[in-house]
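**Student:** Here's a structure for you.
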2 protein chains.
Amino acid sequence: MSAPTELLKGNATVLILSCLARGPLHGYGIVKALDSMSESYFQMREGTLYPHLHRMEEDGLIEGYWEQASGTRERRMYRITAKGNGELARLQAEWRKFQLNMNHVLDQGATA
Amino acid sequence: MSAPTELLKGNATVLILSCLARGPLHGYGIVKALDSMSESYFQMREGTLYPHLHRMEEDGLIEGYWEQASGTRERRMYRITAKGNGELARLQAEWRKFQLNMNHVLDQGATA
DNA sequence: TATAATACCTCATATAGCGATGTATAGAAA
DNA sequence: TTTCTATACATCGCTATATGAGGTATTATA
């Protein structure tokens with residue numbers, strides 16, 4: 001079972017930033033990292049990822065640069081910026097708060 | 001701080017069902033219950049709630065009926081159905097899985 | 001008497017992920 | 001050698017969903 005589209009909404013940015021916080025990655029690598037970190041639960045589509053990366057670069061959260069590794073085609077690598085780290089911390093806090101309140105409400109209506 | 005719209009997406013149904021699992025409520029009461037259970041974090045708008053209630057009733061997850069409490073105007077009460085309880089259990093499981101994978105990825109990129 | 005809170009409803013708009021589509025390279029299999 | 005798959009980038013129309021604005025009406029309060 002992969003993540004329902006609607007649940008993913010609003011969380012793409014924090015997922016991407018979390019991947020890049022561990023080190024630079026290229027777009028395709030981010031997709032694979034998310035997949036492997038979640039046992040294929042997060043299968044982010046390219047139509048979701050690339051527009052996000054472009055917007056995030058525009059916003060200064062990440063920095064892109066072309067890299068030519070030996071024997072491979074050129075790839076666009078991304079590294080997280082200081083601003084990106086700040087935004088990551090903010091989004092992590094937001095996620096924790098969301099999680100807390102969701103669990104609070106869901107526990108109230110817990111099925112026996 | 002109230003919940004970002006995008007994070008709420010896909011979670012309205014499970015929040016509403018959780019409220020109704022504790023007992024019948026009318027629409028306005030659901031809004032107030034969510035607000036009080038979350039310290040005003042979940043401020044569900046009527047434009048979100050009522051279309052949801054209608055769709056959920058259509059889908060057989062909840063049952064609506066008009067009630068006239070003494071000294072108040074008529075209100076449309078909703079109670080959860082057996083099907084709704086099943087759906088609630090399914091959505092709770094889905095939330096747990098989503099939460100688990102989100103935390104797994106976010107922990108990887110935890111800011112020091 | 002007027003204002004706020006209660007209580008219902010609808011609809012146009014904005015947002016965001018997805019599927020489809022396109023291009024191109026590298027490696028493996030046939 | 002050819003074909004298939006994985007890698008790697010990108011764009012765009014579609015669709016689902018929450019919201020804000022707008023509307024109607026009742027009850028309690030100032």
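Labeling convention for the structure tokens: chains A, B, ... as they appear, residues from 1 per chain, ligands from 1 in order of appearance.
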Per residue of chain A within 12 Å of chain D, what are the shortest atom pair and its distance in Å to one decimal, counting only C-alpha atoms (C1' of nucleotides), with rows by chain and residue number, as a tab-separated table?

**Tutor:**
```
residue	atom	partner	partner_atom	distance
A:Pro4	CA	D:DA16	C1'	11.9
A:Thr5	CA	D:DA16	C1'	9.4
A:Glu6	CA	D:DA16	C1'	8.2
A:Leu7	CA	D:DT17	C1'	11.1
A:Lys9	CA	D:DT17	C1'	10.1
A:His26	CA	D:DA8	C1'	8.9
A:Gly27	CA	D:DA8	C1'	8.0
A:Tyr28	CA	D:DA8	C1'	6.4
A:Gly29	CA	D:DA8	C1'	9.4
A:Ile30	CA	D:DA8	C1'	11.7
A:Val31	CA	D:DA8	C1'	11.3
A:Lys32	CA	D:DT7	C1'	11.0
A:Glu46	CA	D:DA10	C1'	8.9
A:Gly47	CA	D:DT11	C1'	8.4
A:Thr48	CA	D:DT11	C1'	11.3
A:Leu49	CA	D:DA10	C1'	10.6
A:Tyr50	CA	D:DA10	C1'	7.5
A:Pro51	CA	D:DA10	C1'	8.8
A:Leu53	CA	D:DA10	C1'	11.6
A:His54	CA	D:DA10	C1'	10.7
A:Trp66	CA	D:DC9	C1'	11.6
A:Thr72	CA	D:DT7	C1'	9.2
A:Arg73	CA	D:DA8	C1'	8.0
A:Glu74	CA	D:DA8	C1'	8.4
A:Arg75	CA	D:DA8	C1'	7.0
A:Arg76	CA	D:DC9	C1'	8.4
A:Met77	CA	D:DA8	C1'	11.3
```

**Student:** Which residues of chain C come within 8 Å of chain B, and for each one, what is the closest pair of atoms and their distance in Å to one decimal, counting only C-alpha atoms (C1' of nucleotides), sorted by chain and residue number, as JSON lines?

**Tutor:**
```
{"residue": "C:DT6", "atom": "C1'", "partner": "B:Tyr28", "partner_atom": "CA", "distance": 7.9}
{"residue": "C:DA7", "atom": "C1'", "partner": "B:Tyr28", "partner_atom": "CA", "distance": 6.5}
{"residue": "C:DC9", "atom": "C1'", "partner": "B:Tyr50", "partner_atom": "CA", "distance": 7.6}
```

**Student:** Give the residues of chain A that lie within 7 Å of chain B; count only C-alpha atoms, and format the answer as a PyMOL selection string.

**Tutor:** chain A and resi 3+6-7+9-10+15+18-19+21-22+37-38+89+98+101+105-106+108-109+111

**Student:** Write the residues of the selection above to a file with N, CA and C atoms, as an mmCIF file, in the first residue's frame.

**Tutor:**
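out27.cif, freshly written:
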```cif
data_model
loop_
_atom_site.group_PDB
_atom_site.id
_atom_site.type_symbol
_atom_site.label_atom_id
_atom_site.label_comp_id
_atom_site.auth_asym_id
_atom_site.auth_seq_id
_atom_site.Cartn_x
_atom_site.Cartn_y
_atom_site.Cartn_z
ATOM 1 N N ALA A 3 1.203 5.582 -0.123
ATOM 2 C CA ALA A 3 0.514 6.697 0.528
ATOM 3 C C ALA A 3 -0.593 7.280 -0.338
ATOM 4 N N GLU A 6 -3.901 12.299 -1.167
ATOM 5 C CA GLU A 6 -4.363 13.427 -0.367
ATOM 6 C C GLU A 6 -3.561 13.606 0.915
ATOM 7 N N LEU A 7 -3.099 12.483 1.465
ATOM 8 C CA LEU A 7 -2.307 12.591 2.691
ATOM 9 C C LEU A 7 -0.939 13.206 2.401
ATOM 10 N N LYS A 9 -0.347 15.514 0.327
ATOM 11 C CA LYS A 9 -0.452 16.948 0.046
ATOM 12 C C LYS A 9 0.026 17.801 1.212
ATOM 13 N N GLY A 10 0.893 18.713 0.889
ATOM 14 C CA GLY A 10 1.423 19.597 1.910
ATOM 15 C C GLY A 10 2.651 19.044 2.593
ATOM 16 N N LEU A 15 9.425 16.323 3.111
ATOM 17 C CA LEU A 15 10.037 15.034 2.762
ATOM 18 C C LEU A 15 11.302 15.253 1.935
ATOM 19 N N SER A 18 14.067 16.749 4.055
ATOM 20 C CA SER A 18 14.615 15.739 4.960
ATOM 21 C C SER A 18 15.659 14.881 4.248
ATOM 22 N N CYS A 19 15.374 14.527 3.007
ATOM 23 C CA CYS A 19 16.335 13.748 2.218
ATOM 24 C C CYS A 19 17.617 14.541 2.013
ATOM 25 N N ALA A 21 18.833 16.911 3.739
ATOM 26 C CA ALA A 21 19.538 17.244 4.982
ATOM 27 C C ALA A 21 20.645 16.239 5.261
ATOM 28 N N ARG A 22 20.548 15.071 4.670
ATOM 29 C CA ARG A 22 21.573 14.039 4.872
ATOM 30 C C ARG A 22 22.733 14.187 3.899
ATOM 31 N N MET A 37 13.457 4.457 1.990
ATOM 32 C CA MET A 37 13.306 4.802 3.399
ATOM 33 C C MET A 37 11.929 4.437 3.932
ATOM 34 N N SER A 38 10.979 4.241 3.052
ATOM 35 C CA SER A 38 9.593 4.019 3.482
ATOM 36 C C SER A 38 9.042 2.670 3.006
ATOM 37 N N ALA A 89 13.278 22.860 9.838
ATOM 38 C CA ALA A 89 12.983 22.849 11.279
ATOM 39 C C ALA A 89 11.549 23.310 11.532
ATOM 40 N N PHE A 98 0.790 18.909 14.145
ATOM 41 C CA PHE A 98 -0.324 18.307 13.402
ATOM 42 C C PHE A 98 -0.565 16.884 13.889
ATOM 43 N N ASN A 101 -2.217 16.719 17.383
ATOM 44 C CA ASN A 101 -3.636 17.015 17.400
ATOM 45 C C ASN A 101 -4.457 15.950 16.697
ATOM 46 N N VAL A 105 -7.465 13.761 18.607
ATOM 47 C CA VAL A 105 -8.847 13.585 18.142
ATOM 48 C C VAL A 105 -9.131 12.120 17.833
ATOM 49 N N LEU A 106 -8.201 11.467 17.165
ATOM 50 C CA LEU A 106 -8.426 10.069 16.781
ATOM 51 C C LEU A 106 -8.523 9.152 17.993
ATOM 52 N N GLN A 108 -9.799 9.932 20.805
ATOM 53 C CA GLN A 108 -11.119 10.137 21.392
ATOM 54 C C GLN A 108 -12.140 9.212 20.760
ATOM 55 N N GLY A 109 -11.996 8.999 19.466
ATOM 56 C CA GLY A 109 -12.971 8.176 18.754
ATOM 57 C C GLY A 109 -12.429 6.796 18.439
ATOM 58 N N THR A 111 -11.852 3.116 17.950
ATOM 59 C CA THR A 111 -12.751 1.967 17.863
ATOM 60 C C THR A 111 -12.255 0.901 18.834
#
```

**Student:** Grab the atom CA of B:Arg45 to atom CA of B:Leu61 distance for me, in Å with one decimal place.

**Tutor:**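 Here the two named atoms are 20.4 Å from each other.
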
**Student:** What residues in stretch 55-97 of chain A get the DSSP label alpha helix (DSSP H)? Please answer as a ChimeraX atom specification.

**Tutor:** /A:55-58,82-97

**Student:** Limited to N, CA and C atoms, could you put the picked residues into a file as a JSON list (two decimals), in the first residue's frame?

**Tutor:**
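Dumped everything to selection_37.json:
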```json
[["chain", "number", "residue", "atom", "x", "y", "z"],
["A", 55, "ARG", "N", 10.62, 25.14, -7.64],
["A", 55, "ARG", "CA", 10.05, 26.18, -6.76],
["A", 55, "ARG", "C", 10.92, 26.38, -5.51],
["A", 56, "MET", "N", 11.40, 25.27, -4.98],
["A", 56, "MET", "CA", 12.23, 25.34, -3.78],
["A", 56, "MET", "C", 13.56, 26.04, -4.06],
["A", 57, "GLU", "N", 14.08, 25.82, -5.27],
["A", 57, "GLU", "CA", 15.33, 26.50, -5.63],
["A", 57, "GLU", "C", 15.07, 28.00, -5.76],
["A", 58, "GLU", "N", 13.96, 28.31, -6.42],
["A", 58, "GLU", "CA", 13.55, 29.71, -6.57],
["A", 58, "GLU", "C", 13.41, 30.40, -5.21],
["A", 82, "ALA", "N", 21.07, 27.20, 4.08],
["A", 82, "ALA", "CA", 20.79, 27.58, 5.48],
["A", 82, "ALA", "C", 19.31, 27.89, 5.64],
["A", 83, "LYS", "N", 18.78, 28.63, 4.65],
["A", 83, "LYS", "CA", 17.35, 28.95, 4.69],
["A", 83, "LYS", "C", 16.51, 27.67, 4.66],
["A", 84, "GLY", "N", 16.98, 26.71, 3.86],
["A", 84, "GLY", "CA", 16.30, 25.43, 3.75],
["A", 84, "GLY", "C", 16.29, 24.68, 5.07],
["A", 85, "ASN", "N", 17.40, 24.75, 5.78],
["A", 85, "ASN", "CA", 17.47, 24.10, 7.09],
["A", 85, "ASN", "C", 16.51, 24.74, 8.08],
["A", 86, "GLY", "N", 16.39, 26.05, 7.99],
["A", 86, "GLY", "CA", 15.44, 26.74, 8.85],
["A", 86, "GLY", "C", 14.02, 26.33, 8.54],
["A", 87, "GLU", "N", 13.74, 26.25, 7.24],
["A", 87, "GLU", "CA", 12.38, 25.86, 6.83],
["A", 87, "GLU", "C", 12.10, 24.42, 7.23],
["A", 88, "LEU", "N", 13.12, 23.58, 7.12],
["A", 88, "LEU", "CA", 12.97, 22.18, 7.53],
["A", 88, "LEU", "C", 12.58, 22.09, 9.02],
["A", 89, "ALA", "N", 13.28, 22.86, 9.84],
["A", 89, "ALA", "CA", 12.98, 22.85, 11.28],
["A", 89, "ALA", "C", 11.55, 23.31, 11.53],
["A", 90, "ARG", "N", 11.16, 24.35, 10.79],
["A", 90, "ARG", "CA", 9.80, 24.88, 10.95],
["A", 90, "ARG", "C", 8.75, 23.83, 10.56],
["A", 91, "LEU", "N", 8.99, 23.16, 9.43],
["A", 91, "LEU", "CA", 8.04, 22.17, 8.93],
["A", 91, "LEU", "C", 8.00, 20.93, 9.82],
["A", 92, "GLN", "N", 9.15, 20.59, 10.39],
["A", 92, "GLN", "CA", 9.19, 19.47, 11.34],
["A", 92, "GLN", "C", 8.33, 19.78, 12.56],
["A", 93, "ALA", "N", 8.46, 21.00, 13.06],
["A", 93, "ALA", "CA", 7.67, 21.41, 14.23],
["A", 93, "ALA", "C", 6.19, 21.39, 13.88],
["A", 94, "GLU", "N", 5.87, 21.86, 12.67],
["A", 94, "GLU", "CA", 4.49, 21.89, 12.22],
["A", 94, "GLU", "C", 3.92, 20.48, 12.13],
["A", 95, "TRP", "N", 4.74, 19.59, 11.59],
["A", 95, "TRP", "CA", 4.31, 18.19, 11.49],
["A", 95, "TRP", "C", 4.05, 17.59, 12.87],
["A", 96, "ARG", "N", 4.94, 17.88, 13.82],
["A", 96, "ARG", "CA", 4.76, 17.35, 15.18],
["A", 96, "ARG", "C", 3.44, 17.83, 15.78],
["A", 97, "LYS", "N", 3.16, 19.11, 15.56],
["A", 97, "LYS", "CA", 1.93, 19.67, 16.12],
["A", 97, "LYS", "C", 0.70, 19.06, 15.45]]
```

**Student:** When you draw a straight line from atom CA of A:Thr81 to atom CA of A:Glu63, how long is it in Å?

**Tutor:**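 Distance between the two atoms: 6.6 Å.
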
**Student:** Going by DSSP on the backbone, which residues of stretch 4-83 of chain A come out as strand (DSSP E or B)? List them as a list of chain:residue names.

**Tutor:** A:Leu25, A:His26, A:Ile62, A:Glu63, A:Gly64, A:Tyr65, A:Trp66, A:Glu67, A:Arg75, A:Arg76, A:Met77, A:Tyr78, A:Arg79, A:Ile80

**Student:** Can I get the selection written as a PDB file, in the first residue's frame, with C-alpha atoms?

**Tutor:**
```pdb
ATOM      1  CA  LEU A  25      21.076  14.350  -4.085  1.00  0.00           C
ATOM      2  CA  HIS A  26      19.699  14.617  -7.595  1.00  0.00           C
ATOM      3  CA  ILE A  62      17.919  24.440  -2.001  1.00  0.00           C
ATOM      4  CA  GLU A  63      20.772  25.046  -4.426  1.00  0.00           C
ATOM      5  CA  GLY A  64      21.128  23.172  -7.704  1.00  0.00           C
ATOM      6  CA  TYR A  65      24.240  22.472  -9.744  1.00  0.00           C
ATOM      7  CA  TRP A  66      25.065  20.195 -12.653  1.00  0.00           C
ATOM      8  CA  GLU A  67      27.381  17.308 -11.968  1.00  0.00           C
ATOM      9  CA  ARG A  75      22.720  15.131 -13.361  1.00  0.00           C
ATOM     10  CA  ARG A  76      21.314  18.103 -11.508  1.00  0.00           C
ATOM     11  CA  MET A  77      22.353  17.858  -7.886  1.00  0.00           C
ATOM     12  CA  TYR A  78      20.652  19.740  -5.068  1.00  0.00           C
ATOM     13  CA  ARG A  79      22.001  20.736  -1.689  1.00  0.00           C
ATOM     14  CA  ILE A  80      20.049  22.250   1.159  1.00  0.00           C
TER      15      ILE A  80
END
```
